[in-house]
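Enquirer: Sharing a structure below in structure tokens format, with a few things to ask.
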Amino acid sequence: MVDAVLFDLDGTFADTAPDLGEALNHVLKLRGVPALPLATIRPQASHGSPGLLKLGLGVGPDSPDYAELRDAFLKHYEAHICDRTKLFAGMAALIAELDERDLPWGIVTNKPHRYTVPLMEKLGYAKRAACLVSGDTCEHAKPHPMPLLHAASLMGVEPTRCLYLGDDLRDMEAAQAAGMIGIIASYGYMDAATGTASWPAAGSVQTPFALMRYLGL
């Protein structure tokens, strides 16, 4: 039996790629670089500004102008954080079912607090979540298990009775290390070349609502 459900945010709970993509293309425009299509951006969206700036401009944290580019990206993203972001199809129905059954749920993301909370508020789910654990809530972020263990503690649930849904290898690694049931969100931010067979997961779902079959309800 599962006593609580935890979700990754970007690429699992909500489709944030359109707004993250707009922030990247804003930076590319500033540099006179052609915009990238959303289809190219989407597989990297879970990796935030570092992954997207690497994709668009080939720059990393060691690049001399990285801080300037990152600040421009984040400023634009913060101002347009929920212009086009929406829950994935079926997620609202899943949350409604969890609420109906009094099964607590929460968010554990590597997204910083300053973006996590406003986004969840704009989506209308901040107060419905039992916990919102961001990338800077704990000393370590995923794939370290600390954020997931902290979430379980906040909800008063044993980690072994928590299920964590995520779309990245680090999500499954964190779930395994925390002793949680890890389920892959196959609808999330991964491309056809992503091989998930070796990920330490208990299963996968093609839609959010399909998670119901793992809940033992």
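Here, A, B, ... name the chains of the structure tokens in the order displayed, residue numbers run from 1 inside each chain, and ligands are numbered from 1 in the same displayed order.
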Using only C-alpha atoms, find each residue in region 132-181 of chain A having at least one atom no more than 7 Å away from region 3-8 of chain A; report its shortest atom-to-atom pair and that distance in Å (one decimal), rows by chain then rising number, as a tab-separated table.

Expert:
```
residue	atom	partner	partner_atom	distance
A:Val157	CA	A:Asp3	CA	6.7
A:Arg161	CA	A:Asp3	CA	5.4
A:Cys162	CA	A:Ala4	CA	4.9
A:Leu163	CA	A:Val5	CA	4.9
A:Tyr164	CA	A:Leu6	CA	4.7
A:Leu165	CA	A:Phe7	CA	5.0
A:Gly166	CA	A:Asp8	CA	5.0
```

Enquirer: Just list as a PyMOL selection string whatever in region 19-127 of chain A DSSP marks as helix (DSSP H, G or I).

Expert: chain A and resi 19-30+38-57+66-79+91-100+113-123

Enquirer: Write out as CSV a residue-level contact list of region 105-189 of chain A versus region 36-53 of chain A with cut-off 12 Å: for each qualifying residue the closest pair of atoms and the distance in Å to one decimal, counting only C-alpha atoms, rows sorted by chain and residue number upward.

Expert:
```
residue,atom,partner,partner_atom,distance
A:Thr109,CA,A:Ser46,CA,9.8
A:Asn110,CA,A:Gly48,CA,8.9
A:Lys111,CA,A:Gly48,CA,7.7
A:Pro112,CA,A:Gly48,CA,10.1
A:Tyr115,CA,A:Gly48,CA,11.4
A:Gly135,CA,A:Gly48,CA,11.3
A:Lys142,CA,A:His47,CA,11.8
A:Gly166,CA,A:Ser46,CA,10.2
A:Asp167,CA,A:Ser46,CA,8.2
A:Asp168,CA,A:Ser46,CA,7.7
A:Leu169,CA,A:Ser46,CA,10.9
A:Arg170,CA,A:Ser46,CA,10.6
A:Asp171,CA,A:Ser46,CA,10.8
A:Ser186,CA,A:Pro43,CA,11.8
A:Tyr187,CA,A:Pro43,CA,10.8
A:Gly188,CA,A:Pro43,CA,8.2
A:Tyr189,CA,A:Pro43,CA,4.5
```

Enquirer: Write out as a VMD selection string each polymer residue whose atoms come within 9 Å of Pro145 (chain A), counting only C-alpha atoms; drop sequence neighbours fewer than 2 positions from it.

Expert: chain A and resid 140 to 143 147 to 150 173 to 179

Enquirer: Mind writing the picked residues with C-alpha atoms as an mmCIF file, in the first residue's frame?

Expert:
```cif
data_model
loop_
_atom_site.group_PDB
_atom_site.id
_atom_site.type_symbol
_atom_site.label_atom_id
_atom_site.label_comp_id
_atom_site.auth_asym_id
_atom_site.auth_seq_id
_atom_site.Cartn_x
_atom_site.Cartn_y
_atom_site.Cartn_z
ATOM 1 C CA HIS A 140 21.518 18.321 -1.121
ATOM 2 C CA ALA A 141 19.321 18.092 -4.222
ATOM 3 C CA LYS A 142 18.347 15.008 -6.233
ATOM 4 C CA PRO A 143 19.749 12.461 -6.966
ATOM 5 C CA PRO A 147 14.788 15.965 -0.400
ATOM 6 C CA LEU A 148 12.563 12.898 -0.688
ATOM 7 C CA LEU A 149 13.224 11.887 2.901
ATOM 8 C CA HIS A 150 12.455 15.436 4.007
ATOM 9 C CA GLU A 173 18.105 7.160 -8.226
ATOM 10 C CA ALA A 174 16.820 9.428 -5.464
ATOM 11 C CA ALA A 175 13.731 7.272 -4.955
ATOM 12 C CA GLN A 176 15.816 4.111 -4.745
ATOM 13 C CA ALA A 177 18.231 5.685 -2.268
ATOM 14 C CA ALA A 178 15.298 6.902 -0.143
ATOM 15 C CA GLY A 179 13.659 3.468 -0.160
#
```

Enquirer: Wanna dump the region 89-131 of chain A-region 11-29 of chain A contacts at 12 Å for me, each residue with its shortest atom pair and the distance in Å to one decimal, counting only C-alpha atoms, ordered by chain and number, as a Markdown table?

Expert:
```
| residue | atom | partner | partner_atom | distance |
| --- | --- | --- | --- | --- |
| A:Ala89 | CA | A:Ala14 | CA | 9.1 |
| A:Gly90 | CA | A:Phe13 | CA | 9.9 |
| A:Met91 | CA | A:Phe13 | CA | 6.7 |
| A:Ala92 | CA | A:Phe13 | CA | 9.2 |
| A:Ala93 | CA | A:Phe13 | CA | 11.9 |
| A:Leu94 | CA | A:Phe13 | CA | 10.4 |
| A:Ile95 | CA | A:Phe13 | CA | 9.9 |
| A:Trp105 | CA | A:Phe13 | CA | 11.3 |
| A:Gly106 | CA | A:Phe13 | CA | 10.1 |
| A:Ile107 | CA | A:Phe13 | CA | 8.3 |
| A:Val108 | CA | A:Phe13 | CA | 10.2 |
| A:Thr109 | CA | A:Thr12 | CA | 10.0 |
| A:Asn110 | CA | A:Gly11 | CA | 11.9 |
| A:Lys111 | CA | A:Thr16 | CA | 11.3 |
| A:Tyr115 | CA | A:Thr16 | CA | 11.4 |
| A:Thr116 | CA | A:Thr16 | CA | 11.2 |
| A:Leu119 | CA | A:Thr16 | CA | 9.5 |
| A:Met120 | CA | A:Ala14 | CA | 9.3 |
| A:Lys122 | CA | A:Ala14 | CA | 11.7 |
| A:Leu123 | CA | A:Ala14 | CA | 8.9 |
| A:Gly124 | CA | A:Ala14 | CA | 11.8 |
| A:Tyr125 | CA | A:Phe13 | CA | 10.6 |
| A:Ala129 | CA | A:Phe13 | CA | 11.8 |
```

Enquirer: From the set A:Ala151, A:Leu30, A:Ser63, A:Met190, which residue has the shortest atom-to-atom contact distance to Asp10 (chain A), counting only C-alpha atoms?

Expert: A:Met190

Enquirer: Using only C-alpha atoms, which residue out of A:Pro104, A:Pro34, A:Gly195, A:Pro118 lies closest to Gly56 (chain A)?

Expert: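 For Gly56 (chain A), the nearest of the candidates is A:Pro34.
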
Enquirer: Write down as a PyMOL selection string the residues of region 73-164 of chain A whose backbone DSSP state falls under strand (DSSP E or B).

Expert: chain A and resi 86-87+105-108+131-133+162-164

Enquirer: Using only C-alpha atoms, which of A:Arg128, A:Leu154, A:Gly58, A:Lys86 sits nearest Leu98 (chain A)?

Expert: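 Closest to Leu98 (chain A) of all the choices is A:Arg128.
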
Enquirer: Using only C-alpha atoms, which residue out of A:Met155, A:Met180, A:Val33, A:Ala96 lies closest to Phe209 (chain A)?

Expert: A:Ala96
